[in-house]
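> My structure is below; once you've seen it, I'll send some questions.
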Amino acid sequence: MTPYNKFKDALERIASGSVKDPVALAKNALSGTGPRTQNLIGKTSGRLTVFEKAELTHAFGGKNKQMWLCKCACGNMKKVSTKDFNGGYVLSCGCLLTEARSLNMKRYHHRRDKILNDEEVA
Ligand SMILES: [Zn+2]
């Protein structure tokens, strides 16, 4: 998306009234048009889709990290840094992990039930 289109898109979203913080969105649209800033808006990683640019965080060691506000497929919002997003380290708001855990638990219980039943038969 060109900077012009990005700004136009932001204006349309503000005009449609679906934006909670129009000032921040307008600032986002105007900033980050330099060649050094990556634009991850609209990109997806796992269940996450980058919704809009969030704040810079001051990381340990003095480097600023750009955060991105992502929308998870489950509906939750999560902030992810550029590095974590591009590296594929974060794939969901956390729901993926929770689901994986409960799946493992189900498998565990299933296995345990089977073992108990087998013992009953034997
Ligand atoms: Zn989620």
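Letters A, B, ... mark the chains of the structure tokens in the order given; residue numbers begin at 1 per chain; ligand numbers begin at 1, in order shown.
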From chain A, collect each residue whose DSSP state is helix (DSSP H, G or I) and return the set as a ChimeraX atom specification.

/A:3-16,22-30,82-86,95-121

> Check which residues of chain A sit at most 8 Å from ligand 1 using only C-alpha atoms and all ligand atoms, and return one row each with the closest pair of atoms and their distance in Å to one decimal, ordered by chain and rising number, as a tab-separated table.


```
residue	atom	partner	partner_atom_place_in_ligand_line	distance
A:Arg47	CA	ligand 1	1 (Zn)	6.9
A:Leu48	CA	ligand 1	1 (Zn)	7.7
A:Lys71	CA	ligand 1	1 (Zn)	8.0
A:Cys72	CA	ligand 1	1 (Zn)	4.6
A:Ala73	CA	ligand 1	1 (Zn)	5.7
A:Cys74	CA	ligand 1	1 (Zn)	4.3
A:Gly75	CA	ligand 1	1 (Zn)	6.3
A:Asn76	CA	ligand 1	1 (Zn)	5.4
A:Met77	CA	ligand 1	1 (Zn)	7.7
A:Ser92	CA	ligand 1	1 (Zn)	5.1
A:Cys93	CA	ligand 1	1 (Zn)	4.2
A:Gly94	CA	ligand 1	1 (Zn)	5.7
A:Cys95	CA	ligand 1	1 (Zn)	4.3
A:Leu96	CA	ligand 1	1 (Zn)	6.4
```

> Selected residues, N, CA and C atoms, written as a PDB file, in the first residue's frame, please.


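Result file is again.pdb:
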```pdb
ATOM      1  N   ARG A  47      -2.635 -17.026  13.667  1.00  0.00           N
ATOM      2  CA  ARG A  47      -4.001 -16.517  13.793  1.00  0.00           C
ATOM      3  C   ARG A  47      -4.052 -15.004  13.840  1.00  0.00           C
ATOM      4  N   LEU A  48      -2.889 -14.369  13.865  1.00  0.00           N
ATOM      5  CA  LEU A  48      -2.861 -12.923  14.051  1.00  0.00           C
ATOM      6  C   LEU A  48      -2.838 -12.175  12.726  1.00  0.00           C
ATOM      7  N   LYS A  71      -5.005  -8.465  15.610  1.00  0.00           N
ATOM      8  CA  LYS A  71      -6.290  -9.067  15.949  1.00  0.00           C
ATOM      9  C   LYS A  71      -6.166 -10.566  15.744  1.00  0.00           C
ATOM     10  N   CYS A  72      -6.510 -11.299  16.779  1.00  0.00           N
ATOM     11  CA  CYS A  72      -6.439 -12.756  16.710  1.00  0.00           C
ATOM     12  C   CYS A  72      -7.730 -13.287  16.092  1.00  0.00           C
ATOM     13  N   ALA A  73      -7.646 -14.457  15.486  1.00  0.00           N
ATOM     14  CA  ALA A  73      -8.833 -15.069  14.861  1.00  0.00           C
ATOM     15  C   ALA A  73      -9.942 -15.309  15.878  1.00  0.00           C
ATOM     16  N   CYS A  74      -9.577 -15.432  17.159  1.00  0.00           N
ATOM     17  CA  CYS A  74     -10.585 -15.668  18.204  1.00  0.00           C
ATOM     18  C   CYS A  74     -11.257 -14.374  18.632  1.00  0.00           C
ATOM     19  N   GLY A  75     -10.732 -13.215  18.167  1.00  0.00           N
ATOM     20  CA  GLY A  75     -11.360 -11.940  18.490  1.00  0.00           C
ATOM     21  C   GLY A  75     -10.567 -11.087  19.462  1.00  0.00           C
ATOM     22  N   ASN A  76      -9.599 -11.685  20.138  1.00  0.00           N
ATOM     23  CA  ASN A  76      -8.780 -10.922  21.078  1.00  0.00           C
ATOM     24  C   ASN A  76      -7.763 -10.052  20.349  1.00  0.00           C
ATOM     25  N   MET A  77      -7.323  -8.985  21.016  1.00  0.00           N
ATOM     26  CA  MET A  77      -6.277  -8.137  20.468  1.00  0.00           C
ATOM     27  C   MET A  77      -4.980  -8.430  21.218  1.00  0.00           C
ATOM     28  N   SER A  92      -0.589 -16.348  17.981  1.00  0.00           N
ATOM     29  CA  SER A  92      -1.951 -16.089  18.422  1.00  0.00           C
ATOM     30  C   SER A  92      -1.905 -15.213  19.665  1.00  0.00           C
ATOM     31  N   CYS A  93      -3.097 -14.858  20.188  1.00  0.00           N
ATOM     32  CA  CYS A  93      -3.155 -14.043  21.395  1.00  0.00           C
ATOM     33  C   CYS A  93      -2.773 -14.880  22.603  1.00  0.00           C
ATOM     34  N   GLY A  94      -2.641 -16.172  22.405  1.00  0.00           N
ATOM     35  CA  GLY A  94      -2.388 -17.099  23.504  1.00  0.00           C
ATOM     36  C   GLY A  94      -3.388 -18.235  23.474  1.00  0.00           C
ATOM     37  N   CYS A  95      -4.431 -18.050  22.660  1.00  0.00           N
ATOM     38  CA  CYS A  95      -5.499 -19.049  22.610  1.00  0.00           C
ATOM     39  C   CYS A  95      -5.003 -20.345  21.975  1.00  0.00           C
ATOM     40  N   LEU A  96      -4.059 -20.213  21.036  1.00  0.00           N
ATOM     41  CA  LEU A  96      -3.517 -21.390  20.363  1.00  0.00           C
ATOM     42  C   LEU A  96      -2.842 -22.309  21.384  1.00  0.00           C
TER      43      LEU A  96
END
```

> Skip segment 15-22 of chain A itself and residues of its chain fewer than 6 positions away, then list as a PDB file with C-alpha atoms, in the first residue's frame all residues within 12 Å of it, counting only C-alpha atoms.


```
ATOM      1  CA  PHE A   7      -3.640   7.783   4.447  1.00  0.00           C
ATOM      2  CA  LYS A   8      -6.717   7.678   2.244  1.00  0.00           C
ATOM      3  CA  ASP A   9      -7.717   4.365   3.819  1.00  0.00           C
ATOM      4  CA  ASN A  28      -0.064   6.329  12.276  1.00  0.00           C
ATOM      5  CA  ALA A  29      -1.053   6.951   8.699  1.00  0.00           C
ATOM      6  CA  PHE A  51      -4.575  -4.287  12.659  1.00  0.00           C
ATOM      7  CA  GLU A  52      -2.602  -1.120  13.243  1.00  0.00           C
ATOM      8  CA  ALA A  54       1.070   0.591  18.097  1.00  0.00           C
TER       9      ALA A  54
END
```

> Could you check how far atom CA of Ala24 of chain A sits from atom CA of Lys6 of chain A, in Å to one decimal?

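Result for atom CA of Ala24 of chain A versus atom CA of Lys6 of chain A: 13.8 Å, one decimal.
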
> Might you pull out every residue within 7 Å of Val50 of chain A, with only C-alpha atoms counted and same-chain residues fewer than 4 positions away left off, and present them as a VMD selection string?

chain A and resid 40 to 44 68 to 71

> Export N, CA and C atoms of the chosen residues as an mmCIF file, in the first residue's frame?


```
data_model
loop_
_atom_site.group_PDB
_atom_site.id
_atom_site.type_symbol
_atom_site.label_atom_id
_atom_site.label_comp_id
_atom_site.auth_asym_id
_atom_site.auth_seq_id
_atom_site.Cartn_x
_atom_site.Cartn_y
_atom_site.Cartn_z
ATOM 1 N N LEU A 40 3.596 -3.525 8.606
ATOM 2 C CA LEU A 40 3.075 -4.887 8.757
ATOM 3 C C LEU A 40 1.553 -4.925 8.721
ATOM 4 N N ILE A 41 0.943 -3.755 8.562
ATOM 5 C CA ILE A 41 -0.523 -3.711 8.620
ATOM 6 C C ILE A 41 -1.127 -4.605 7.535
ATOM 7 N N GLY A 42 -2.020 -5.473 7.964
ATOM 8 C CA GLY A 42 -2.680 -6.382 7.031
ATOM 9 C C GLY A 42 -1.972 -7.721 6.890
ATOM 10 N N LYS A 43 -0.730 -7.799 7.422
ATOM 11 C CA LYS A 43 0.013 -9.062 7.323
ATOM 12 C C LYS A 43 -0.507 -10.049 8.372
ATOM 13 N N THR A 44 -0.347 -11.324 8.081
ATOM 14 C CA THR A 44 -0.822 -12.341 9.016
ATOM 15 C C THR A 44 0.303 -13.268 9.442
ATOM 16 N N TRP A 68 2.998 -3.732 17.299
ATOM 17 C CA TRP A 68 1.869 -3.767 16.365
ATOM 18 C C TRP A 68 0.661 -4.341 17.068
ATOM 19 N N LEU A 69 -0.467 -3.684 16.857
ATOM 20 C CA LEU A 69 -1.704 -4.178 17.446
ATOM 21 C C LEU A 69 -2.310 -5.195 16.476
ATOM 22 N N CYS A 70 -2.394 -6.434 16.936
ATOM 23 C CA CYS A 70 -2.874 -7.508 16.072
ATOM 24 C C CYS A 70 -4.229 -8.010 16.553
ATOM 25 N N LYS A 71 -5.005 -8.465 15.610
ATOM 26 C CA LYS A 71 -6.290 -9.067 15.949
ATOM 27 C C LYS A 71 -6.166 -10.566 15.744
#
```

> Just give me the gap between atom CA of Leu97 of chain A and atom CA of Phe85 of chain A in Å, one decimal is fine.

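Here the two named atoms are 16.2 Å from each other.
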
> Just checking: using only C-alpha atoms, which residue out of A:Lys27, A:Asn5, A:Gln38, A:Thr49 ends up closest to Lys79 of chain A?

A:Thr49

> Distance atom CA of Arg101 of chain A-atom CA of Ser81 of chain A, one decimal place?

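Distance reported for this atom pair: 24.5 Å.
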
> Per DSSP on the backbone, what are the strand (DSSP E) residues of chain A, as a ChimeraX atom specification?

/A:44-45,48-58,64-72,77-81

> Residues at most 12 Å from Asn64 of chain A, counting only C-alpha atoms, excluding those fewer than 4 positions away in the same chain, as a list in words?

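Residues near the query, excluding close chain neighbours: Glu55, Leu56, Thr57, His58, Ala59, Phe60, Ser81, Thr82 and Lys83 of chain A.
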
> Any chance you can output those residues with C-alpha atoms as a PDB file, in the first residue's frame?


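In the end it all went to again_17.pdb:
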```pdb
ATOM      1  CA  GLU A  55       3.561   2.504  20.214  1.00  0.00           C
ATOM      2  CA  LEU A  56       7.324   2.198  20.335  1.00  0.00           C
ATOM      3  CA  THR A  57       8.553   0.463  23.457  1.00  0.00           C
ATOM      4  CA  HIS A  58      11.872   1.256  24.993  1.00  0.00           C
ATOM      5  CA  ALA A  59      13.596  -2.079  25.240  1.00  0.00           C
ATOM      6  CA  PHE A  60      16.479  -3.010  27.517  1.00  0.00           C
ATOM      7  CA  SER A  81       6.850  -6.499  18.254  1.00  0.00           C
ATOM      8  CA  THR A  82       8.102  -6.425  14.663  1.00  0.00           C
ATOM      9  CA  LYS A  83      10.767  -9.008  15.472  1.00  0.00           C
TER      10      LYS A  83
END
```
